[in-house]
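Structure, as structure tokens:
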Amino acid sequence: NAHYVGLKSPAHSQFSGNHTITMPPNTGTSGQFLSTDGNGVTSWAAAGGGAGWTWLAKNDITSNTSYSTFDNTKVTNAYTNYAVVMNHVNFGNSSGKLGAFIYANGAWRQGTGEEDYQFHVAEYVSTGGASFNMLTSGNSWTHSYIRMMYSNTGSSASALGANLVFYFNTRANGGLYRSFAWQGTQTVNNQGGGILLGGAIYKGQTSHDITGIRFYEIGGANIARGEFNLYGLAGS
């Protein structure tokens with residue numbers, strides 16, 4: 001067979017001593033690159049692993065949908081920090097409360113009775129367009145979801161649109177709580193809009209990573225439209 005794969009060493013004048021490179025035990029997956037630990041041992045790593053955010057997945061909702069979900073095939077241990085960029089989120093002709101809950105320890109954690117998977121909202125600010133309330137107060141842990149946006153729009157709710165960036169970190173990190181933050185703008189009716197700022201702490205079980213996130217309308221309405229883009233922070 002005349003075909004071969006060759007590896008060529010640099011010129012003798014460019015190095016001294018002997019160098020051994022250990023290759024990975026498999027071929028990796030599409031889009032990965034060869035990374036080194038600095039000691040000659042190589043492995044496959046996600047593209048863009050040096051610095052910056054890497055786009056991972058997109059949910060483009062154009063008709064009534066219960067959830068926008070990024071499951072454990074998208075939220076993995078390849079990254080610690082993630083961001084979801086949401087554009088033009090809309091609940092059709094229903095008033096809407098945009099919320100989120102997480103997947104951890106083998107299940108979606110939705111429902112206020114699961115004490116080990118609850119959130120405390122640390123800050124919640126809105127200006128103009130709609131009324132907001134903090135989800136929790138004091139030091140209480142009473143909800144297993146985050147409420148990021150409330151639209152008191154009545155029959156004109158189809159005019160609602162929100163653009164948000166939602167940040168979260170996933171690793172258990174030896175007992176440290178996970179944190180969430182969001183910021184963005186929304187329009188309500190034809191009255192203009194408001195600025196959204198918020199943050200939350202996730203109690204969690206410290207031995208379990210977050211391996212999925214799901215966005216939904218808390219009151220049971222559908223998401224009528226919206227673009228949800230998931231990014232991972234490279235090198236984290």
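Please note that chains go A, B, ... in the order of the structure tokens, that every chain numbers its residues from 1, and that ligands are numbered from 1 in the order shown.
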**Asked** Near range 41-47 of chain A, within 6 Å and counting only C-alpha atoms, which residues show up once chain neighbours fewer than 5 positions away are dropped, as an MDAnalysis selection string?
**Response** chainID A and resid 22:24 28 32:36
**All residues 10 Å or closer to Leu56 in chain A, only C-alpha atoms, same chain fewer than 3 positions away omitted, as a ChimeraX atom specification** = /A:53,70,74-75,82,84,229-232
When you look at Tyr216 in chain A with a cut-off of 8 Å (counting only C-alpha atoms), what residues show up, excluding the ones that are within fewer than 2 positions of it in the same chain? I need them as a tab-separated table (two decimals) with all heavy atoms, in the first residue's frame.
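Saved result, around09.tsv, follows:
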```
chain	number	residue	atom	x	y	z
A	66	SER	N	-43.92	24.88	24.13
A	66	SER	CA	-43.94	24.91	25.60
A	66	SER	C	-42.60	25.34	26.18
A	66	SER	O	-42.56	26.09	27.17
A	66	SER	CB	-44.32	23.54	26.16
A	66	SER	OG	-45.61	23.16	25.76
A	67	TYR	N	-41.49	24.85	25.60
A	67	TYR	CA	-40.18	25.09	26.17
A	67	TYR	C	-39.16	25.41	25.09
A	67	TYR	O	-39.28	24.95	23.95
A	67	TYR	CB	-39.67	23.84	26.92
A	67	TYR	CG	-40.56	23.34	28.02
A	67	TYR	CD1	-41.27	22.15	27.87
A	67	TYR	CD2	-40.67	24.03	29.22
A	67	TYR	CE1	-42.07	21.66	28.89
A	67	TYR	CE2	-41.48	23.56	30.24
A	67	TYR	CZ	-42.18	22.38	30.07
A	67	TYR	OH	-42.98	21.90	31.07
A	68	SER	N	-38.14	26.15	25.48
A	68	SER	CA	-36.90	26.23	24.73
A	68	SER	C	-35.85	25.53	25.57
A	68	SER	O	-35.48	26.01	26.64
A	68	SER	CB	-36.50	27.68	24.46
A	68	SER	OG	-35.25	27.73	23.80
A	98	LEU	N	-41.54	35.11	31.71
A	98	LEU	CA	-40.47	34.25	31.22
A	98	LEU	C	-39.69	33.69	32.40
A	98	LEU	O	-39.21	34.44	33.25
A	98	LEU	CB	-39.53	35.02	30.30
A	98	LEU	CG	-38.39	34.21	29.70
A	98	LEU	CD1	-38.91	33.14	28.76
A	98	LEU	CD2	-37.42	35.13	28.97
A	99	GLY	N	-39.56	32.39	32.45
A	99	GLY	CA	-38.84	31.74	33.53
A	99	GLY	C	-37.85	30.73	33.02
A	99	GLY	O	-37.78	30.42	31.83
A	100	ALA	N	-37.07	30.18	33.95
A	100	ALA	CA	-36.09	29.16	33.62
A	100	ALA	C	-35.95	28.21	34.79
A	100	ALA	O	-36.10	28.59	35.95
A	100	ALA	CB	-34.74	29.79	33.30
A	214	ARG	N	-33.83	25.08	30.77
A	214	ARG	CA	-35.09	25.13	30.01
A	214	ARG	C	-35.80	26.45	30.31
A	214	ARG	O	-35.96	26.84	31.46
A	214	ARG	CB	-35.96	23.94	30.42
A	214	ARG	CG	-37.32	23.88	29.75
A	214	ARG	CD	-38.00	22.54	30.05
A	214	ARG	NE	-37.52	21.49	29.14
A	214	ARG	CZ	-37.89	20.22	29.21
A	214	ARG	NH1	-38.73	19.82	30.16
A	214	ARG	NH2	-37.44	19.35	28.33
A	218	ILE	N	-44.08	30.84	32.73
A	218	ILE	CA	-44.40	30.30	34.04
A	218	ILE	C	-45.89	30.04	34.23
A	218	ILE	O	-46.30	29.08	34.89
A	218	ILE	CB	-43.86	31.24	35.14
A	218	ILE	CG1	-42.33	31.22	35.13
A	218	ILE	CG2	-44.36	30.82	36.52
A	218	ILE	CD1	-41.70	32.27	36.01
A	222	ASN	N	-47.76	29.45	25.99
A	222	ASN	CA	-46.67	29.01	25.11
A	222	ASN	C	-45.73	30.16	24.78
A	222	ASN	O	-46.11	31.33	24.84
A	222	ASN	CB	-47.24	28.46	23.80
A	222	ASN	CG	-47.91	27.12	23.98
A	222	ASN	OD1	-47.35	26.20	24.56
A	222	ASN	ND2	-49.13	27.01	23.48
A	223	ILE	N	-44.53	29.81	24.43
A	223	ILE	CA	-43.64	30.76	23.77
A	223	ILE	C	-44.04	30.76	22.30
A	223	ILE	O	-44.00	29.73	21.64
A	223	ILE	CB	-42.17	30.35	23.91
A	223	ILE	CG1	-41.78	30.28	25.39
A	223	ILE	CG2	-41.27	31.34	23.17
A	223	ILE	CD1	-40.38	29.75	25.62
```
**Nearest residue to Gly106 in chain A from the set A:Thr54, A:Ser63, A:Thr211, A:Asn90 (distances using only C-alpha atoms)** = A:Thr211
